[in-house]
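J.: Have a look at this one.
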Amino acid sequence: MDVTRDAKHPTLIVSGALARELSKPVDLSHVQRLCDDTGILEHAEGAIPRREHGYCTDDVSRQLLVACLYPNDPRAEEIAEQGLAFVRHAALAEGHFRSRMNYARIWMDEGDSDDASGRAIWSLGVAVQRAPWPHVRDAALSLFETTISFVSPHWHSKAFAALGASAVLTASPQNRAARAFAERLAVELPRQRKQIWSVDEAPSQKHLWLWPEARMTYSSAVLPDALLALSDVHPQLLDEGLTLLQWLVDRMIRNGFSPVPVDGLGPNDLRPGFDQQPIEAQAFAGACWRAWTLTGDPRWLEPVVLAAAWFVGANDAHTYMIDRRTNGCFDGLMSYGRNANQGAESTLAMLHTMAILRRGVDEGAIILRHVEGKKTHDPQSATISDGATGSPSLALQMEIV
């Protein structure tokens with residue numbers, strides 16, 4: 001991959017075959033395939049929905065959020081309306097939401113889910129900020145304003161909610177309820193910690209562990225993303241969020257994006273780890289894009305491109321993760337290839353990541369040059385498989401200059 005910075009303007013230029021792959025459009029056709037008149041079904045076998053597993057509020061919230069990022073897709077408005085109706089039906093008191101519904105439309109949980117609640121609040125905020133349909137924006141704001149008393153002991157849930165509150169404030173800076181909610185969450189989110197640790201295989205090598213927990217788990221980049229988002233109400237969080245995000249970038253970029261695997265990542269864990277999930281790329285791209293919007297520093301654009309490139313084979317298994325025939329995304333990256341199923345979470349994470357990349361292109365921050373990349377036999381090259389045929393089709397030079 002050839003990445004160069006324009007010396008006069010904060011622009012990232014991506015050229016070669018990678019640019020061609022990243023330029024290929026994606027749409028909501030697989031989201032529509034997974035949806036029925038209730039919401040998006042959680043799981044699929046291959047590209048075919050599995051009705052027996054029903055629905056979860058986490059995924060339907062993602063459905064609402066992503067639909068708002070694709071306003072020109074003819075399916076987007078209906079998909080957003082459907083997602084919003086489900087989220088409203090899932091709402092309980094004080095900002096909490098139910099999590100799981102079976103195919104018979106019967107709720108399967110007794111109470112609320114903190115993560116589902118946080119993601120629902122996030123999706124409502126994005127709908128208020130980004131939905132081009134006034135009736136969706138108005139309904140989302142009305143429901144969001146019932147959630148501002150949301151509390152949780154879990155930082156993931158609070159970080160998701162913080163992203164929602166920040167989105168509402170971006171759309172309506174005078175919204176006092178959203179501001180008060182954001183100010184409370186800014187105080188409650190965990191901060192970085194400084195811990196010196198040594199590598200088991202080489203105890204003399206000392207490293208700094210800034211993560212607030214002993215292990216990173218899922219969607220780790222959501223924490224610095226939330227800190228950056230809340231810097232509008234607590235300006236001191238800007239430097240803290242940037243420092244934590246840079247620390248994360250230093251660990252996740254290894255000749256391409258190499259995310260935290262599904263079992264988490266500790267200081268002494270061997271890399272790379274598998275099974276890698278598409279939500280990691282989405283969270284990483286989102287945090288780095290926010291860092292770019294707040295600082296204008298083009299170094300934050302490179303990780304955005306690398307997170308998107310993870311889906312087109314620039315990853316630890318050199319495997320294409322998008323099915324170009326269906327516009328779905330495969331569920332996980334293994335050391336031997338990929339999980340062939342195309343469920344809701346993975347597909348929506350891919351679409352969200354590509355929407356971030358496309359926004360960078362539309363705003364002129366990222367330029368994708370549509371030229372053929374140079375074939376190479378460099379050991380750092382990645383030969384990847386085409387999503388339709390499975391045959392090797394592309395070589396990428398993994399070099400940033």
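The way I read the labels, and the way they are meant: chains A, B, ... in the order of the structure tokens, residue 1 as the first residue of every chain, and ligand 1 as the first ligand shown, with later ones counted on from there.
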Write down as a PyMOL selection string the residues belonging to range 313-363 of chain A that are assigned alpha helix (DSSP H) by DSSP computed on the backbone.
T.: chain A and resi 344-362
J.: Please provide the set of residues having any atom within 12 Å of Leu223 in chain A, restricted to only C-alpha atoms, with same-chain residues fewer than 6 positions apart removed, written as number ranges by chain.
T.: A: 154-163, 185-186, 188-192, 211-213, 216-217, 229-230, 237, 240-245, 248, 283-284, 286-288
J.: Quick one: residues within 12 Å of range 48-54 of chain A, only C-alpha atoms counted, chain neighbours fewer than 3 positions away excluded, as a count of residues only?
T.: 35
J.: For range 345-357 of chain A, work out the shell of residues within 7 Å, counting only C-alpha atoms and skipping chain neighbours fewer than 4 positions away, then give it as a list in words.
T.: Asp59, Arg62, Gln63, Val66, Leu69, Pro278, Ile279, Gln282, Ala285, Gly286, Val304, Val305, Ala308, Gly328, Cys329, Phe330, Asp331 and Val361 of chain A
J.: Would you put the residues from that selection into a file with N, CA and C atoms, as a PDB file, in the first residue's frame?
T.:
```
ATOM      1  N   ASP A  59     -27.978  -5.295  17.678  1.00  0.00           N
ATOM      2  CA  ASP A  59     -27.899  -5.289  16.224  1.00  0.00           C
ATOM      3  C   ASP A  59     -28.929  -4.368  15.594  1.00  0.00           C
ATOM      4  N   ARG A  62     -27.619  -0.982  15.751  1.00  0.00           N
ATOM      5  CA  ARG A  62     -26.651  -0.781  14.665  1.00  0.00           C
ATOM      6  C   ARG A  62     -27.371  -0.590  13.330  1.00  0.00           C
ATOM      7  N   GLN A  63     -28.457  -1.299  13.143  1.00  0.00           N
ATOM      8  CA  GLN A  63     -29.257  -1.163  11.916  1.00  0.00           C
ATOM      9  C   GLN A  63     -29.718   0.280  11.739  1.00  0.00           C
ATOM     10  N   VAL A  66     -26.538   2.644  11.085  1.00  0.00           N
ATOM     11  CA  VAL A  66     -25.920   2.504   9.763  1.00  0.00           C
ATOM     12  C   VAL A  66     -26.843   3.026   8.668  1.00  0.00           C
ATOM     13  N   LEU A  69     -26.352   6.501   7.876  1.00  0.00           N
ATOM     14  CA  LEU A  69     -25.089   6.838   7.207  1.00  0.00           C
ATOM     15  C   LEU A  69     -25.147   6.581   5.708  1.00  0.00           C
ATOM     16  N   PRO A 278     -15.168  -7.988  12.986  1.00  0.00           N
ATOM     17  CA  PRO A 278     -15.339  -6.726  12.253  1.00  0.00           C
ATOM     18  C   PRO A 278     -15.648  -5.526  13.125  1.00  0.00           C
ATOM     19  N   ILE A 279     -16.290  -5.718  14.285  1.00  0.00           N
ATOM     20  CA  ILE A 279     -16.596  -4.565  15.138  1.00  0.00           C
ATOM     21  C   ILE A 279     -15.327  -3.871  15.627  1.00  0.00           C
ATOM     22  N   GLN A 282     -14.397  -1.358  12.966  1.00  0.00           N
ATOM     23  CA  GLN A 282     -15.328  -0.226  12.986  1.00  0.00           C
ATOM     24  C   GLN A 282     -15.014   0.730  14.134  1.00  0.00           C
ATOM     25  N   ALA A 285     -11.677   2.580  13.364  1.00  0.00           N
ATOM     26  CA  ALA A 285     -11.846   3.607  12.335  1.00  0.00           C
ATOM     27  C   ALA A 285     -12.614   4.809  12.883  1.00  0.00           C
ATOM     28  N   GLY A 286     -13.655   4.547  13.663  1.00  0.00           N
ATOM     29  CA  GLY A 286     -14.453   5.635  14.205  1.00  0.00           C
ATOM     30  C   GLY A 286     -13.656   6.538  15.130  1.00  0.00           C
ATOM     31  N   VAL A 304      -7.454   4.933   9.742  1.00  0.00           N
ATOM     32  CA  VAL A 304      -8.790   4.787   9.158  1.00  0.00           C
ATOM     33  C   VAL A 304      -8.719   3.932   7.900  1.00  0.00           C
ATOM     34  N   VAL A 305      -7.753   4.232   7.030  1.00  0.00           N
ATOM     35  CA  VAL A 305      -7.593   3.468   5.798  1.00  0.00           C
ATOM     36  C   VAL A 305      -7.230   2.019   6.115  1.00  0.00           C
ATOM     37  N   ALA A 308     -10.268   0.024   7.235  1.00  0.00           N
ATOM     38  CA  ALA A 308     -11.099  -0.340   6.082  1.00  0.00           C
ATOM     39  C   ALA A 308     -10.417  -1.412   5.242  1.00  0.00           C
ATOM     40  N   GLY A 328     -22.591  -8.555   1.971  1.00  0.00           N
ATOM     41  CA  GLY A 328     -22.468  -8.944   3.365  1.00  0.00           C
ATOM     42  C   GLY A 328     -21.011  -9.017   3.773  1.00  0.00           C
ATOM     43  N   CYS A 329     -20.797  -9.190   5.063  1.00  0.00           N
ATOM     44  CA  CYS A 329     -19.445  -9.335   5.599  1.00  0.00           C
ATOM     45  C   CYS A 329     -19.377 -10.635   6.387  1.00  0.00           C
ATOM     46  N   PHE A 330     -18.266 -11.329   6.255  1.00  0.00           N
ATOM     47  CA  PHE A 330     -18.079 -12.595   6.959  1.00  0.00           C
ATOM     48  C   PHE A 330     -17.859 -12.343   8.451  1.00  0.00           C
ATOM     49  N   ASP A 331     -18.276 -13.310   9.263  1.00  0.00           N
ATOM     50  CA  ASP A 331     -18.431 -13.064  10.694  1.00  0.00           C
ATOM     51  C   ASP A 331     -17.140 -12.988  11.493  1.00  0.00           C
ATOM     52  N   VAL A 361     -13.260  10.467   1.993  1.00  0.00           N
ATOM     53  CA  VAL A 361     -13.082  10.726   0.566  1.00  0.00           C
ATOM     54  C   VAL A 361     -13.938  11.913   0.132  1.00  0.00           C
TER      55      VAL A 361
END
```
J.: Here is a test: counting only C-alpha atoms, which residue of A:Asp112, A:Tyr218, A:Tyr70, A:Glu81 is nearest to Arg137 in chain A?
T.: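 Of A:Asp112, A:Tyr218, A:Tyr70, A:Glu81, the one nearest Arg137 in chain A is A:Glu81, counting only C-alpha atoms.
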J.: Of the residues A:Ile322, A:Leu12, A:Ser335, A:Thr146, which is the one nearest to Trp292 in chain A, using only C-alpha atoms?
T.: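 Between A:Ile322, A:Leu12, A:Ser335, A:Thr146, the residue approaching Trp292 in chain A most closely is A:Leu12.
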J.: Can you tell me, as JSON, numbers by chain, which residues in range 32-229 of chain A count as strand (DSSP E) by DSSP?
T.: {"A": [44, 45, 48, 49, 55, 56, 100, 101, 195, 196, 197, 198, 199, 202, 203, 204, 205, 206, 207, 208, 209]}
J.: Next, the residues of the selection above should be written as a short mmCIF file (atom, residue, chain, number, x, y, z; two decimals), in the first residue's frame with N, CA and C atoms.
T.:
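After the write, result.cif holds the following:
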```cif
data_model
loop_
_atom_site.label_atom_id
_atom_site.label_comp_id
_atom_site.auth_asym_id
_atom_site.auth_seq_id
_atom_site.Cartn_x
_atom_site.Cartn_y
_atom_site.Cartn_z
N ALA A 44 -26.92 -15.58 10.53
CA ALA A 44 -27.16 -16.11 9.19
C ALA A 44 -26.33 -17.37 9.01
N GLU A 45 -26.81 -18.23 8.13
CA GLU A 45 -26.00 -19.36 7.66
C GLU A 45 -25.60 -19.02 6.23
N ILE A 48 -27.94 -16.50 4.30
CA ILE A 48 -29.37 -16.71 4.54
C ILE A 48 -29.70 -16.53 6.01
N PRO A 49 -30.67 -15.67 6.34
CA PRO A 49 -31.00 -15.41 7.75
C PRO A 49 -31.43 -16.67 8.48
N TYR A 55 -33.83 -11.82 17.29
CA TYR A 55 -33.31 -10.46 17.16
C TYR A 55 -32.62 -10.04 18.46
N CYS A 56 -31.69 -9.10 18.35
CA CYS A 56 -31.14 -8.49 19.55
C CYS A 56 -31.08 -6.98 19.36
N ARG A 100 -33.13 -9.15 24.02
CA ARG A 100 -33.36 -10.25 23.07
C ARG A 100 -34.84 -10.56 22.87
N MET A 101 -35.19 -10.76 21.61
CA MET A 101 -36.55 -11.12 21.23
C MET A 101 -36.48 -12.34 20.31
N GLN A 195 1.19 1.54 33.85
CA GLN A 195 1.72 0.35 34.50
C GLN A 195 2.88 -0.19 33.68
N ILE A 196 3.99 -0.43 34.33
CA ILE A 196 5.15 -1.00 33.66
C ILE A 196 5.04 -2.51 33.70
N TRP A 197 5.24 -3.15 32.57
CA TRP A 197 5.21 -4.61 32.53
C TRP A 197 6.35 -5.09 31.66
N SER A 198 6.71 -6.36 31.85
CA SER A 198 7.80 -6.97 31.08
C SER A 198 7.27 -8.14 30.29
N VAL A 199 7.90 -8.39 29.16
CA VAL A 199 7.52 -9.51 28.30
C VAL A 199 8.04 -10.80 28.92
N ALA A 202 11.19 -12.13 27.54
CA ALA A 202 12.36 -11.26 27.69
C ALA A 202 12.10 -10.29 28.85
N PRO A 203 12.27 -10.76 30.09
CA PRO A 203 11.90 -9.94 31.26
C PRO A 203 12.62 -8.60 31.33
N SER A 204 13.75 -8.49 30.65
CA SER A 204 14.49 -7.23 30.71
C SER A 204 13.82 -6.14 29.86
N GLN A 205 12.91 -6.53 28.96
CA GLN A 205 12.23 -5.56 28.11
C GLN A 205 11.00 -4.99 28.84
N LYS A 206 11.05 -3.73 29.14
CA LYS A 206 9.97 -3.08 29.87
C LYS A 206 9.09 -2.28 28.91
N HIS A 207 7.79 -2.33 29.15
CA HIS A 207 6.84 -1.62 28.31
C HIS A 207 5.82 -0.92 29.19
N LEU A 208 5.11 0.03 28.60
CA LEU A 208 4.10 0.80 29.31
C LEU A 208 2.72 0.33 28.90
N TRP A 209 1.90 -0.01 29.87
CA TRP A 209 0.52 -0.44 29.64
C TRP A 209 -0.40 0.67 30.13
#
```
J.: Any idea what the distance is between CA of Met334 in chain A and CA of Phe257 in chain A?
T.: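 Computing the Euclidean distance for CA of Met334 in chain A and CA of Phe257 in chain A yields 14.3 Å.
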J.: Take CA of Lys24 in chain A and CA of Met252 in chain A and report the distance between them in Å, one decimal.
T.: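 These atoms are spaced 25.1 Å apart.
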J.: For a quick check of understanding, using only C-alpha atoms, which of A:Ser166, A:Asn315, A:Ser113, A:Asn327 has the smallest distance to His234 in chain A?
T.: A:Ser166
J.: Quick check, in Å to one decimal: how far apart do CA of Ala80 in chain A and CA of Ala67 in chain A lie?
T.: 5.4 Å
